[in-house]
$ cat my_file.csv   # CSV, C-alpha atoms
chain,number,residue,atom,x,y,z
A,28,ILE,CA,8.9,16.1,-9.4
A,29,TYR,CA,7.9,16.1,-5.7
A,30,ILE,CA,11.0,18.1,-4.7
A,31,SER,CA,10.4,20.7,-7.4
A,32,MET,CA,6.8,21.0,-6.3
A,33,GLY,CA,7.9,21.4,-2.7
A,34,LYS,CA,10.4,24.1,-3.8
A,35,SER,CA,7.6,25.9,-5.6
A,36,ILE,CA,5.4,25.9,-2.5
A,37,ALA,CA,8.3,26.9,-0.2
A,38,SER,CA,9.1,29.9,-2.5
A,39,GLY,CA,5.5,31.1,-2.5
A,40,HIS,CA,4.6,30.2,-6.0
A,41,GLY,CA,2.0,27.6,-5.1
A,42,VAL,CA,1.7,24.0,-6.2
A,43,LYS,CA,3.5,24.1,-9.5
A,44,TYR,CA,5.9,21.9,-11.5
A,45,MET,CA,8.1,23.6,-14.1
A,46,GLY,CA,5.9,26.7,-13.9
A,47,TYR,CA,2.7,24.7,-14.6
A,48,SER,CA,-0.1,24.5,-12.1
A,49,GLY,CA,-2.7,22.2,-13.8
A,50,PHE,CA,-1.3,18.7,-13.6
A,51,LYS,CA,-2.2,15.3,-12.0
A,52,TYR,CA,0.3,15.0,-9.1
A,53,PRO,CA,-1.3,15.5,-5.7
A,54,PRO,CA,0.1,18.1,-3.3
A,55,GLY,CA,0.4,16.0,-0.2
A,56,LEU,CA,4.1,15.0,-0.3
A,57,PRO,CA,5.2,18.4,-1.8
A,58,LEU,CA,3.6,20.2,1.1
A,59,MET,CA,5.6,17.9,3.5
A,60,LEU,CA,8.8,18.6,1.6
A,61,ALA,CA,8.1,22.3,1.6
A,62,LEU,CA,8.4,22.3,5.4
A,63,ILE,CA,12.0,21.1,5.0
A,64,ILE,CA,13.0,23.1,1.9
A,65,ALA,CA,11.7,26.4,3.3
A,66,PRO,CA,14.2,26.5,6.3
A,67,PHE,CA,16.9,24.1,5.1
A,68,GLY,CA,16.9,24.2,1.3
A,69,TYR,CA,17.6,21.1,-0.7
A,70,ASN,CA,18.6,19.1,2.4
A,71,PHE,CA,18.3,15.5,1.1
A,72,LEU,CA,19.4,14.1,4.4
A,73,LEU,CA,16.4,15.5,6.1
A,74,MET,CA,14.2,14.4,3.3
A,75,ARG,CA,15.5,10.9,3.6
A,76,MET,CA,15.0,11.0,7.3
A,77,LEU,CA,11.4,11.9,6.6
A,78,MET,CA,11.0,8.8,4.4
A,79,VAL,CA,12.7,6.7,7.1
A,80,ALA,CA,10.3,8.1,9.7
A,81,PHE,CA,7.3,7.1,7.6
A,82,THR,CA,8.8,3.6,7.1
A,83,VAL,CA,9.3,3.0,10.8
A,84,GLY,CA,5.8,4.4,11.5
A,85,SER,CA,4.3,2.1,8.8
A,86,ILE,CA,6.1,-1.0,10.3
A,87,TRP,CA,4.8,-0.2,13.8
A,88,LEU,CA,1.2,0.4,12.5
A,89,ALA,CA,1.4,-2.9,10.6
A,90,TYR,CA,2.2,-4.6,13.9
A,91,LEU,CA,-0.7,-2.9,15.7
A,92,LEU,CA,-3.2,-3.6,13.0
A,93,VAL,CA,-2.3,-7.3,12.6
A,94,ARG,CA,-2.1,-7.8,16.4
A,95,ASP,CA,-5.7,-6.6,16.7
A,96,LYS,CA,-6.8,-8.9,13.9
A,97,SER,CA,-5.0,-12.1,14.9
A,98,ASN,CA,-2.3,-12.4,17.6
A,99,ARG,CA,1.0,-11.1,18.7
A,100,TRP,CA,3.2,-13.7,17.0
A,101,ILE,CA,1.6,-13.2,13.6
A,102,ALA,CA,1.9,-9.4,14.1
A,103,VAL,CA,5.7,-9.7,15.0
A,104,SER,CA,6.2,-11.9,11.9
A,105,VAL,CA,4.4,-9.4,9.6
A,106,MET,CA,6.4,-6.5,11.2
A,107,CYS,CA,9.8,-8.2,10.8
A,108,SER,CA,9.1,-9.4,7.2
A,109,THR,CA,7.9,-5.9,6.1
A,110,ALA,CA,11.0,-4.3,7.7
A,111,VAL,CA,13.4,-6.4,5.7
A,112,SER,CA,11.4,-6.4,2.5
A,113,PHE,CA,13.8,-5.2,-0.2
A,114,PRO,CA,11.2,-2.8,-1.9
A,115,VAL,CA,10.7,-1.0,1.4
A,116,LEU,CA,14.5,-0.7,1.9
A,117,PHE,CA,14.8,0.6,-1.7
A,118,GLU,CA,12.0,3.2,-1.3
A,119,CYS,CA,13.8,4.6,1.7
A,120,THR,CA,16.5,5.9,-0.6
A,121,ARG,CA,14.0,7.7,-2.8
A,122,ILE,CA,11.9,10.8,-2.2
A,123,LEU,CA,8.7,9.4,-3.5
A,124,SER,CA,5.1,9.2,-2.2
A,125,ASP,CA,4.9,5.4,-1.7
A,126,LEU,CA,6.1,5.3,2.0
A,127,PRO,CA,4.2,8.4,3.1
A,128,TYR,CA,1.1,6.9,1.5
A,129,MET,CA,1.8,3.6,3.2
A,130,PHE,CA,1.9,5.2,6.6
A,131,LEU,CA,-1.1,7.4,6.1
A,132,SER,CA,-3.2,4.5,4.6
A,133,LEU,CA,-2.4,2.2,7.5
A,134,LEU,CA,-3.2,5.0,10.0
A,135,ALA,CA,-6.4,5.7,8.2
A,136,ILE,CA,-7.4,2.0,8.3
A,137,ARG,CA,-6.8,2.0,12.1
A,138,TRP,CA,-9.3,4.9,12.5
A,139,ILE,CA,-11.7,3.4,9.9
A,140,GLU,CA,-12.1,0.3,12.1
A,141,ARG,CA,-12.8,2.5,15.1
A,142,TYR,CA,-15.3,4.5,13.1
A,143,ALA,CA,-17.0,1.3,11.9
A,144,GLN,CA,-17.3,-0.1,15.5
A,145,LYS,CA,-18.8,3.2,16.7
A,146,THR,CA,-22.4,2.7,17.7
A,147,ASP,CA,-23.6,6.1,18.9
A,148,GLY,CA,-24.3,7.7,15.5
A,149,TRP,CA,-22.4,8.5,12.3
A,150,ARG,CA,-21.1,11.9,13.5
A,151,GLY,CA,-18.3,12.6,15.9
A,152,LYS,CA,-14.6,13.1,16.3
A,153,ILE,CA,-13.7,9.5,15.3
A,154,GLY,CA,-15.5,9.8,12.0
A,155,TYR,CA,-14.0,13.2,11.2
A,156,ILE,CA,-10.5,11.9,11.9
A,157,ALA,CA,-11.1,8.7,9.8
A,158,ILE,CA,-12.4,10.7,6.8
A,159,GLY,CA,-9.7,13.3,7.2
A,160,LEU,CA,-7.0,10.7,7.1
A,161,ILE,CA,-8.5,9.0,4.0
A,162,LEU,CA,-8.4,12.4,2.3
A,163,VAL,CA,-4.8,13.1,3.4
A,164,ALA,CA,-3.8,9.7,2.0
A,165,TYR,CA,-5.7,10.4,-1.2
A,166,PHE,CA,-3.9,13.7,-1.7
A,167,THR,CA,-0.6,11.9,-1.1
A,168,ARG,CA,-1.3,9.2,-3.7
A,169,ILE,CA,-4.4,9.2,-5.9
A,170,VAL,CA,-4.7,5.4,-5.4
A,171,GLY,CA,-6.0,6.4,-2.0
A,172,LEU,CA,-9.3,6.4,-3.8
A,173,THR,CA,-9.3,2.7,-3.1
A,174,LEU,CA,-9.4,3.5,0.6
A,175,PHE,CA,-12.7,5.4,0.0
A,176,VAL,CA,-14.2,2.6,-2.0
A,177,GLY,CA,-13.0,-0.1,0.4
A,178,THR,CA,-14.4,1.8,3.4
A,179,ILE,CA,-17.8,2.3,1.8
A,180,ALA,CA,-17.9,-1.4,0.8
A,181,TYR,CA,-16.9,-2.4,4.4
A,182,LEU,CA,-19.6,-0.2,6.0
A,183,ILE,CA,-22.4,-1.3,3.6
A,184,LEU,CA,-21.6,-5.0,3.1
A,185,GLY,CA,-20.1,-5.5,6.5
A,186,GLY,CA,-18.8,-8.9,7.6
A,187,LYS,CA,-18.8,-11.3,10.5
A,188,GLU,CA,-17.0,-8.6,12.6
A,189,LEU,CA,-19.4,-5.8,11.5
A,190,PRO,CA,-23.1,-6.5,11.3
A,191,ARG,CA,-25.1,-4.4,8.8
A,192,SER,CA,-27.0,-1.4,10.3
A,193,ARG,CA,-28.6,1.9,9.4
A,194,ILE,CA,-25.9,3.7,11.3
A,195,ASN,CA,-23.2,2.1,9.2
A,196,LEU,CA,-25.2,3.0,6.1
A,197,LYS,CA,-25.2,6.6,7.1
A,198,LYS,CA,-21.4,6.4,7.8
A,199,ALA,CA,-20.9,5.0,4.3
A,200,ILE,CA,-22.9,8.0,2.8
A,201,ALA,CA,-20.8,10.4,4.8
A,202,VAL,CA,-17.6,8.8,3.4
A,203,GLY,CA,-19.1,8.8,-0.1
A,204,VAL,CA,-20.0,12.5,0.0
A,205,ALA,CA,-16.4,13.3,1.1
A,206,MET,CA,-15.1,11.1,-1.6
A,207,ILE,CA,-17.1,12.8,-4.3
A,208,VAL,CA,-16.9,16.5,-3.2
A,209,VAL,CA,-13.3,17.1,-2.1
A,210,PRO,CA,-11.4,15.3,-4.9
A,211,SER,CA,-13.9,16.7,-7.4
A,212,ILE,CA,-13.0,20.3,-6.3
A,213,TRP,CA,-9.3,19.5,-6.8
A,214,MET,CA,-9.8,17.8,-10.2
A,215,VAL,CA,-12.1,20.6,-11.5
A,216,GLY,CA,-9.6,23.2,-10.4
A,217,ASN,CA,-6.8,21.4,-12.3
A,218,HIS,CA,-9.0,21.1,-15.4
A,219,LEU,CA,-9.9,24.8,-15.3
A,220,SER,CA,-6.4,26.0,-14.6
A,221,PRO,CA,-5.2,28.4,-17.3
A,222,ASN,CA,-1.7,27.2,-16.9
A,223,LYS,CA,-2.1,23.5,-17.5
A,224,TYR,CA,0.7,21.1,-18.2
A,225,PRO,CA,1.1,20.3,-21.9
A,226,PRO,CA,-1.2,17.4,-22.7
A,227,GLU,CA,1.3,15.9,-25.1
A,228,LEU,CA,3.6,15.1,-22.2
A,229,ARG,CA,2.9,12.1,-19.9
A,230,GLN,CA,2.7,14.3,-16.8
A,231,GLY,CA,-0.1,16.2,-18.5
A,232,LEU,CA,-2.2,13.1,-18.9
A,233,SER,CA,-4.7,12.8,-16.1
A,234,TYR,CA,-4.9,9.6,-14.0
A,235,GLU,CA,-8.5,9.0,-15.1
A,236,LYS,CA,-7.4,9.4,-18.8
A,237,GLU,CA,-4.5,6.9,-18.2
A,238,LEU,CA,-7.0,4.3,-17.1
A,239,ILE,CA,-9.1,4.4,-20.3
A,240,VAL,CA,-6.4,4.9,-23.0
A,241,LYS,CA,-4.5,2.1,-24.6
A,242,GLY,CA,-1.1,3.3,-23.5
A,243,THR,CA,0.8,6.3,-22.2
A,244,SER,CA,3.8,6.4,-24.5
A,245,GLU,CA,2.1,8.6,-27.1
A,246,PRO,CA,0.1,11.8,-26.5
A,247,ASN,CA,-2.9,10.7,-28.6
A,248,GLU,CA,-3.4,7.1,-27.7
A,249,PRO,CA,-6.8,5.6,-28.6
A,250,ILE,CA,-9.5,4.7,-26.0
A,251,VAL,CA,-9.3,1.1,-24.9
A,252,ARG,CA,-11.7,-1.5,-26.3
A,253,LEU,CA,-12.9,-4.6,-24.5
A,254,ARG,CA,-10.2,-6.7,-26.2
A,255,ASP,CA,-7.5,-4.2,-25.0
A,256,VAL,CA,-8.8,-4.4,-21.4
A,257,LEU,CA,-8.8,-8.2,-21.5
A,258,GLU,CA,-5.2,-8.2,-22.9
A,259,ARG,CA,-4.1,-5.7,-20.2
A,260,LEU,CA,-5.7,-7.9,-17.5
A,261,LYS,CA,-3.9,-10.9,-18.7
A,262,GLU,CA,-0.5,-9.1,-19.0
A,263,ASN,CA,-0.8,-7.4,-15.6
A,264,GLU,CA,-1.9,-10.5,-13.8
A,265,LYS,CA,1.2,-12.3,-14.9
A,266,TYR,CA,3.3,-9.2,-14.2
A,267,TYR,CA,2.1,-8.6,-10.6
A,268,GLU,CA,2.2,-12.3,-9.9
A,269,GLY,CA,6.0,-12.2,-10.6
A,270,LEU,CA,6.4,-9.0,-8.5
A,271,ILE,CA,4.5,-10.5,-5.5
A,272,SER,CA,6.7,-13.6,-5.7
A,273,ASN,CA,9.8,-11.3,-5.7
A,274,ILE,CA,8.6,-9.5,-2.6
A,275,VAL,CA,7.8,-12.7,-0.6
A,276,SER,CA,11.0,-14.5,-1.7
A,277,GLY,CA,13.4,-11.6,-1.9
A,278,LYS,CA,13.9,-12.3,-5.6
A,279,GLN,CA,15.1,-15.8,-4.8
A,280,GLN,CA,12.3,-17.6,-6.6
A,281,ARG,CA,12.5,-16.7,-10.3
A,282,SER,CA,10.6,-19.5,-12.0
A,283,GLU,CA,7.1,-18.9,-13.3
A,284,THR,CA,5.9,-22.0,-11.5
A,285,ARG,CA,7.2,-20.9,-8.1
A,286,ALA,CA,5.7,-17.5,-8.7
A,287,ARG,CA,2.3,-19.1,-9.2
A,288,ILE,CA,2.6,-21.3,-6.2
A,289,ILE,CA,3.5,-18.3,-4.0
A,290,THR,CA,0.6,-16.3,-5.4
A,291,LEU,CA,-1.8,-19.2,-4.9
A,292,ILE,CA,-0.7,-19.5,-1.3
A,293,LEU,CA,-1.4,-15.8,-0.7
A,294,LEU,CA,-4.7,-16.1,-2.4
A,295,MET,CA,-5.6,-19.0,-0.2
A,296,GLY,CA,-4.6,-16.9,2.8
A,297,TYR,CA,-6.8,-14.0,1.6
A,298,LEU,CA,-9.8,-16.3,1.0
A,299,TYR,CA,-9.3,-17.8,4.4
A,300,CYS,CA,-9.5,-14.3,6.0
A,301,VAL,CA,-12.5,-13.5,3.9
A,302,SER,CA,-14.3,-16.6,5.1
A,303,ARG,CA,-13.4,-15.9,8.7
A,304,HIS,CA,-14.2,-12.2,9.2
A,305,ARG,CA,-14.0,-10.1,5.9
A,306,GLY,CA,-12.9,-6.7,7.3
A,307,ILE,CA,-11.4,-3.5,5.9
A,308,PHE,CA,-8.1,-5.3,5.2
A,309,GLU,CA,-9.9,-7.6,2.7
A,310,TYR,CA,-11.9,-4.8,1.0
A,311,TYR,CA,-9.0,-2.4,0.7
A,312,THR,CA,-6.6,-5.1,-0.6
A,313,PHE,CA,-9.1,-6.2,-3.2
A,314,PHE,CA,-9.8,-2.7,-4.7
A,315,TYR,CA,-6.1,-1.7,-4.4
A,316,LEU,CA,-4.9,-4.7,-6.5
A,317,LEU,CA,-7.8,-4.4,-8.9
A,318,THR,CA,-6.8,-0.8,-9.6
A,319,TYR,CA,-3.3,-1.7,-10.6
A,320,ILE,CA,-4.3,-4.8,-12.6
A,321,LEU,CA,-6.4,-2.5,-14.7
A,322,TRP,CA,-3.8,0.2,-14.9
A,323,THR,CA,-1.7,0.8,-18.0
A,324,SER,CA,1.4,1.9,-16.2
A,325,GLN,CA,3.9,-0.5,-14.7
A,326,GLN,CA,6.7,0.5,-12.2
A,327,ARG,CA,8.0,-2.7,-10.8
A,328,GLU,CA,7.5,-3.4,-7.0
A,329,ARG,CA,6.9,0.3,-6.3
A,330,PHE,CA,3.1,0.2,-6.6
A,331,LEU,CA,2.9,-2.8,-4.3
A,332,VAL,CA,4.9,-1.3,-1.4
A,333,PRO,CA,1.9,0.2,0.4
A,334,ILE,CA,0.3,-3.3,0.8
A,335,ILE,CA,3.4,-5.3,1.6
A,336,PRO,CA,2.2,-5.8,5.2
A,337,PHE,CA,-1.1,-7.3,3.9
A,338,LEU,CA,0.8,-9.7,1.6
A,339,PHE,CA,2.7,-11.1,4.6
A,340,TYR,CA,-0.4,-11.0,6.8
A,341,TYR,CA,-2.3,-13.3,4.4
A,342,LEU,CA,0.7,-15.6,4.2
A,343,PHE,CA,1.1,-16.0,7.9
A,344,ARG,CA,-2.7,-16.2,8.5
A,345,LEU,CA,-2.8,-19.3,6.3
A,346,LEU,CA,-0.7,-21.1,9.0
A,347,GLU,CA,-3.6,-20.9,11.5
A,348,PRO,CA,-5.4,-24.1,10.3
A,349,LEU,CA,-2.0,-25.8,10.5
A,350,MET,CA,-1.5,-24.5,14.1
A,351,ARG,CA,-5.0,-25.8,15.1
A,352,GLY,CA,-4.0,-29.2,13.7
A,353,ILE,CA,-0.8,-29.2,15.7
A,354,GLU,CA,-2.8,-28.1,18.8
A,355,TRP,CA,-5.2,-31.1,18.3
A,356,LEU,CA,-2.2,-33.5,18.2
A,357,VAL,CA,-0.6,-31.9,21.3
A,358,ARG,CA,-3.8,-32.2,23.3
A,359,ARG,CA,-4.1,-35.9,22.4
A,360,PHE,CA,-0.6,-36.7,23.6
A,361,SER,CA,0.0,-34.1,26.3
A,362,GLN,CA,-1.8,-32.0,28.9
A,363,TRP,CA,0.6,-29.1,28.7
A,364,GLU,CA,-1.5,-26.2,27.6
A,365,ASP,CA,1.4,-23.8,27.0
A,366,GLN,CA,2.8,-26.1,24.2
A,367,ARG,CA,0.4,-24.6,21.7
A,368,LYS,CA,1.8,-21.1,22.2
A,369,ILE,CA,5.3,-22.3,22.2
A,370,ILE,CA,4.8,-24.3,18.9
A,371,GLN,CA,3.1,-21.3,17.3
A,372,ALA,CA,5.8,-19.0,18.4
A,373,VAL,CA,8.6,-21.3,17.1
A,374,ALA,CA,6.8,-21.8,13.8
A,375,MET,CA,6.3,-18.1,13.2
A,376,LEU,CA,9.9,-17.3,14.1
A,377,VAL,CA,11.3,-20.0,11.8
A,378,LEU,CA,9.2,-18.8,8.9
A,379,THR,CA,10.1,-15.2,9.6
A,380,GLY,CA,13.8,-16.1,9.7
A,381,ILE,CA,13.4,-17.7,6.3
A,382,PHE,CA,12.0,-14.6,4.8
A,383,ILE,CA,14.7,-12.4,6.4
A,384,GLN,CA,17.4,-14.7,5.0
A,385,TRP,CA,15.8,-14.6,1.5
A,386,ASN,CA,15.7,-10.8,1.6
A,387,TRP,CA,19.1,-10.3,3.2
A,388,ALA,CA,21.3,-10.8,0.1
A,389,THR,CA,19.0,-8.5,-1.9
A,390,ASP,CA,19.0,-5.9,0.9
A,391,MET,CA,22.8,-5.9,1.1
A,392,ARG,CA,23.2,-5.5,-2.6
A,393,GLN,CA,21.0,-2.4,-2.5
A,394,ILE,CA,22.9,-0.9,0.4
A,395,LYS,CA,26.2,-1.4,-1.3
A,396,SER,CA,24.9,0.0,-4.6
A,397,GLU,CA,23.5,3.1,-2.8
A,398,LYS,CA,26.8,3.6,-1.0
A,399,ARG,CA,28.8,3.5,-4.2
A,400,HIS,CA,26.4,5.6,-6.2
A,401,PRO,CA,24.1,7.7,-4.0
A,402,TYR,CA,20.8,8.6,-5.5
A,403,TYR,CA,21.0,12.1,-4.1
A,404,SER,CA,24.3,14.0,-3.8
A,405,GLY,CA,25.3,17.6,-3.5
A,406,ARG,CA,22.7,20.3,-3.9
A,407,TYR,CA,20.8,18.7,-6.8
A,408,ALA,CA,18.7,15.6,-7.3
A,409,VAL,CA,18.5,13.2,-10.2
A,410,PHE,CA,14.8,13.2,-10.9
A,411,VAL,CA,13.3,10.0,-12.2
$ encode --input "my_file.csv" --output "structure tokens"
Amino acid sequence: IYISMGKSIASGHGVKYMGYSGFKYPPGLPLMLALIIAPFGYNFLLMRMLMVAFTVGSIWLAYLLVRDKSNRWIAVSVMCSTAVSFPVLFECTRILSDLPYMFLSLLAIRWIERYAQKTDGWRGKIGYIAIGLILVAYFTRIVGLTLFVGTIAYLILGGKELPRSRINLKKAIAVGVAMIVVPSIWMVGNHLSPNKYPPELRQGLSYEKELIVKGTSEPNEPIVRLRDVLERLKENEKYYEGLISNIVSGKQQRSETRARIITLILLMGYLYCVSRHRGIFEYYTFFYLLTYILWTSQQRERFLVPIIPFLFYYLFRLLEPLMRGIEWLVRRFSQWEDQRKIIQAVAMLVLTGIFIQWNWATDMRQIKSEKRHPYYSGRYAVFV
């Protein structure tokens, strides 16, 4: 779909898919692909290199963001665990919007934090860049709407690292206006398009309609009732619990009990961070996961790829109380101050090594499978 849209843009026909202009897919990734297709045609090597570049950029941004929130060792552990995570490796072989969105959302979060700490008014270059990056992320993946909501909640509700203020309230209003005005123009334009995608096909079903219908397999699915929503929540909670366990364990922990234990550990790490500082990470992660728990569509680990760094971040942050306990013991029996740093570094490296080892077999299977049966070959793509 994205390649076809990119080809349409590169050939001067605008943002279209199969000749239709009114449909739900945002134009961000097709515009990027058009820059490759226009001079080089269907060069899948360059398209894949673009995906790899977004992946490398995302891994580096994850390191920078986590380093600023905690310390270097946790940042290194999150970076390495994200890099070897099998869903990230798998997405590198596909021309999809997940990795571009991951990069843009992490970059936006970095600027959102700068904007939130800005004390000389709500206007200025930092604010414009932050809002602009949120919009670019949104037009790459519609779930970028959670970046808007998370940012507004962060600016209004604040946290220990961001006291409430009238300036931050004005910033939240500015972000809210951008969230309402710009996406609304795009959505209204799609709705009023005379050449809309046939509504009986899934691609013609808008994202907002997907959220409120019972399913997407049929064109005229009924609107959900409260009972349907509760059933969906129960089903998706169990579904994503298993996927999160797969991501952390590299598909090595298949039992339902272990999946719940891993999810509980991550939840404890999340609540620990909420109690400590409650920043943009926590607001964004909450709204992002809530969106997909409410969503009717399921696409395996793909939807979780953009927040994989946060999953590992909450896992490793939970080790901080343990490290403080070890530090207390060290101080009782030794005067060597550097032992705390050494113990923390060793603990993080050992745990990271375990995650790398868990993912290694899954990563190697994917690499061998891709080598035997390339997803893209020749001049044409197999669209899925």
$ closest_residue --input "my_file.csv" --among "A:Ala180, A:Tyr267, A:Ala135, A:Leu378" --to "Arg305 of chain A" --atoms "only C-alpha atoms"
A:Ala180
$ atom_distance --input "my_file.csv" --atom1 "atom CA of Ala89 of chain A" --atom2 "atom CA of Met106 of chain A"
6.2 Å
$ closest_residue --input "my_file.csv" --among "A:Leu172, A:Leu321, A:Ala201, A:Met78" --to "Glu262 of chain A" --atoms "all atoms listed in the file"
A:Leu321
$ closest_residue --input "my_file.csv" --among "A:Tyr29, A:Trp385, A:Tyr319, A:Tyr341" --to "Lys43 of chain A" --atoms "only C-alpha atoms"
A:Tyr29
$ closest_residue --input "my_file.csv" --among "A:Phe113, A:Gly84, A:Ser192, A:Tyr90" --to "Val332 of chain A" --atoms "all atoms listed in the file"
A:Phe113
$ residues_near_point --input "my_file.csv" --point "(3.6, -7.5, 3.0)" --cutoff "12 Å" --atoms "all atoms listed in the file" --output "number ranges by chain"
A: 85-86, 89-90, 93, 102, 104-115, 129, 270-277, 293, 312, 328, 331-343, 382
$ write_last_selection --input "my_file.csv" --atoms "C-alpha atoms" --output "mmCIF file, in the coordinates of the input"
data_model
loop_
_atom_site.group_PDB
_atom_site.id
_atom_site.type_symbol
_atom_site.label_atom_id
_atom_site.label_comp_id
_atom_site.auth_asym_id
_atom_site.auth_seq_id
_atom_site.Cartn_x
_atom_site.Cartn_y
_atom_site.Cartn_z
ATOM 1 C CA SER A 85 4.300 2.100 8.800
ATOM 2 C CA ILE A 86 6.100 -1.000 10.300
ATOM 3 C CA ALA A 89 1.400 -2.900 10.600
ATOM 4 C CA TYR A 90 2.200 -4.600 13.900
ATOM 5 C CA VAL A 93 -2.300 -7.300 12.600
ATOM 6 C CA ALA A 102 1.900 -9.400 14.100
ATOM 7 C CA SER A 104 6.200 -11.900 11.900
ATOM 8 C CA VAL A 105 4.400 -9.400 9.600
ATOM 9 C CA MET A 106 6.400 -6.500 11.200
ATOM 10 C CA CYS A 107 9.800 -8.200 10.800
ATOM 11 C CA SER A 108 9.100 -9.400 7.200
ATOM 12 C CA THR A 109 7.900 -5.900 6.100
ATOM 13 C CA ALA A 110 11.000 -4.300 7.700
ATOM 14 C CA VAL A 111 13.400 -6.400 5.700
ATOM 15 C CA SER A 112 11.400 -6.400 2.500
ATOM 16 C CA PHE A 113 13.800 -5.200 -0.200
ATOM 17 C CA PRO A 114 11.200 -2.800 -1.900
ATOM 18 C CA VAL A 115 10.700 -1.000 1.400
ATOM 19 C CA MET A 129 1.800 3.600 3.200
ATOM 20 C CA LEU A 270 6.400 -9.000 -8.500
ATOM 21 C CA ILE A 271 4.500 -10.500 -5.500
ATOM 22 C CA SER A 272 6.700 -13.600 -5.700
ATOM 23 C CA ASN A 273 9.800 -11.300 -5.700
ATOM 24 C CA ILE A 274 8.600 -9.500 -2.600
ATOM 25 C CA VAL A 275 7.800 -12.700 -0.600
ATOM 26 C CA SER A 276 11.000 -14.500 -1.700
ATOM 27 C CA GLY A 277 13.400 -11.600 -1.900
ATOM 28 C CA LEU A 293 -1.400 -15.800 -0.700
ATOM 29 C CA THR A 312 -6.600 -5.100 -0.600
ATOM 30 C CA GLU A 328 7.500 -3.400 -7.000
ATOM 31 C CA LEU A 331 2.900 -2.800 -4.300
ATOM 32 C CA VAL A 332 4.900 -1.300 -1.400
ATOM 33 C CA PRO A 333 1.900 0.200 0.400
ATOM 34 C CA ILE A 334 0.300 -3.300 0.800
ATOM 35 C CA ILE A 335 3.400 -5.300 1.600
ATOM 36 C CA PRO A 336 2.200 -5.800 5.200
ATOM 37 C CA PHE A 337 -1.100 -7.300 3.900
ATOM 38 C CA LEU A 338 0.800 -9.700 1.600
ATOM 39 C CA PHE A 339 2.700 -11.100 4.600
ATOM 40 C CA TYR A 340 -0.400 -11.000 6.800
ATOM 41 C CA TYR A 341 -2.300 -13.300 4.400
ATOM 42 C CA LEU A 342 0.700 -15.600 4.200
ATOM 43 C CA PHE A 343 1.100 -16.000 7.900
ATOM 44 C CA PHE A 382 12.000 -14.600 4.800
#
$ atom_distance --input "my_file.csv" --atom1 "atom CA of Val377 of chain A" --atom2 "atom CA of Phe130 of chain A"
27.4 Å
$ atom_distance --input "my_file.csv" --atom1 "atom CA of Arg252 of chain A" --atom2 "atom CA of Pro210 of chain A"
27.2 Å
$ build_atoms --input "my_file.csv" --residues "segment 91-99 of chain A" --atoms "N, CA, C and O atoms" --output "PDB file, in the coordinates of the input"
ATOM      1  N   LEU A  91       0.501  -3.153  14.958  1.00  0.00           N
ATOM      2  CA  LEU A  91      -0.700  -2.900  15.700  1.00  0.00           C
ATOM      3  C   LEU A  91      -1.957  -3.397  15.058  1.00  0.00           C
ATOM      4  O   LEU A  91      -2.823  -4.010  15.694  1.00  0.00           O
ATOM      5  N   LEU A  92      -2.060  -3.170  13.748  1.00  0.00           N
ATOM      6  CA  LEU A  92      -3.200  -3.600  13.000  1.00  0.00           C
ATOM      7  C   LEU A  92      -3.373  -5.119  12.991  1.00  0.00           C
ATOM      8  O   LEU A  92      -4.451  -5.671  13.218  1.00  0.00           O
ATOM      9  N   VAL A  93      -2.270  -5.795  12.716  1.00  0.00           N
ATOM     10  CA  VAL A  93      -2.300  -7.300  12.600  1.00  0.00           C
ATOM     11  C   VAL A  93      -2.510  -7.874  14.016  1.00  0.00           C
ATOM     12  O   VAL A  93      -3.222  -8.880  14.157  1.00  0.00           O
ATOM     13  N   ARG A  94      -1.911  -7.285  15.040  1.00  0.00           N
ATOM     14  CA  ARG A  94      -2.100  -7.800  16.400  1.00  0.00           C
ATOM     15  C   ARG A  94      -3.576  -7.784  16.789  1.00  0.00           C
ATOM     16  O   ARG A  94      -4.080  -8.719  17.426  1.00  0.00           O
ATOM     17  N   ASP A  95      -4.275  -6.716  16.400  1.00  0.00           N
ATOM     18  CA  ASP A  95      -5.700  -6.600  16.700  1.00  0.00           C
ATOM     19  C   ASP A  95      -6.538  -7.603  15.936  1.00  0.00           C
ATOM     20  O   ASP A  95      -7.621  -7.996  16.375  1.00  0.00           O
ATOM     21  N   LYS A  96      -6.031  -8.002  14.754  1.00  0.00           N
ATOM     22  CA  LYS A  96      -6.800  -8.900  13.900  1.00  0.00           C
ATOM     23  C   LYS A  96      -6.524 -10.386  14.232  1.00  0.00           C
ATOM     24  O   LYS A  96      -7.384 -11.238  14.025  1.00  0.00           O
ATOM     25  N   SER A  97      -5.315 -10.689  14.681  1.00  0.00           N
ATOM     26  CA  SER A  97      -5.000 -12.100  14.900  1.00  0.00           C
ATOM     27  C   SER A  97      -4.335 -12.287  16.264  1.00  0.00           C
ATOM     28  O   SER A  97      -5.034 -12.394  17.255  1.00  0.00           O
ATOM     29  N   ASN A  98      -2.994 -12.311  16.312  1.00  0.00           N
ATOM     30  CA  ASN A  98      -2.300 -12.400  17.600  1.00  0.00           C
ATOM     31  C   ASN A  98      -0.924 -11.816  17.508  1.00  0.00           C
ATOM     32  O   ASN A  98      -0.489 -11.383  16.443  1.00  0.00           O
ATOM     33  N   ARG A  99      -0.245 -11.793  18.628  1.00  0.00           N
ATOM     34  CA  ARG A  99       1.000 -11.100  18.700  1.00  0.00           C
ATOM     35  C   ARG A  99       2.095 -11.722  17.834  1.00  0.00           C
ATOM     36  O   ARG A  99       2.902 -11.012  17.233  1.00  0.00           O
TER      37      ARG A  99
END
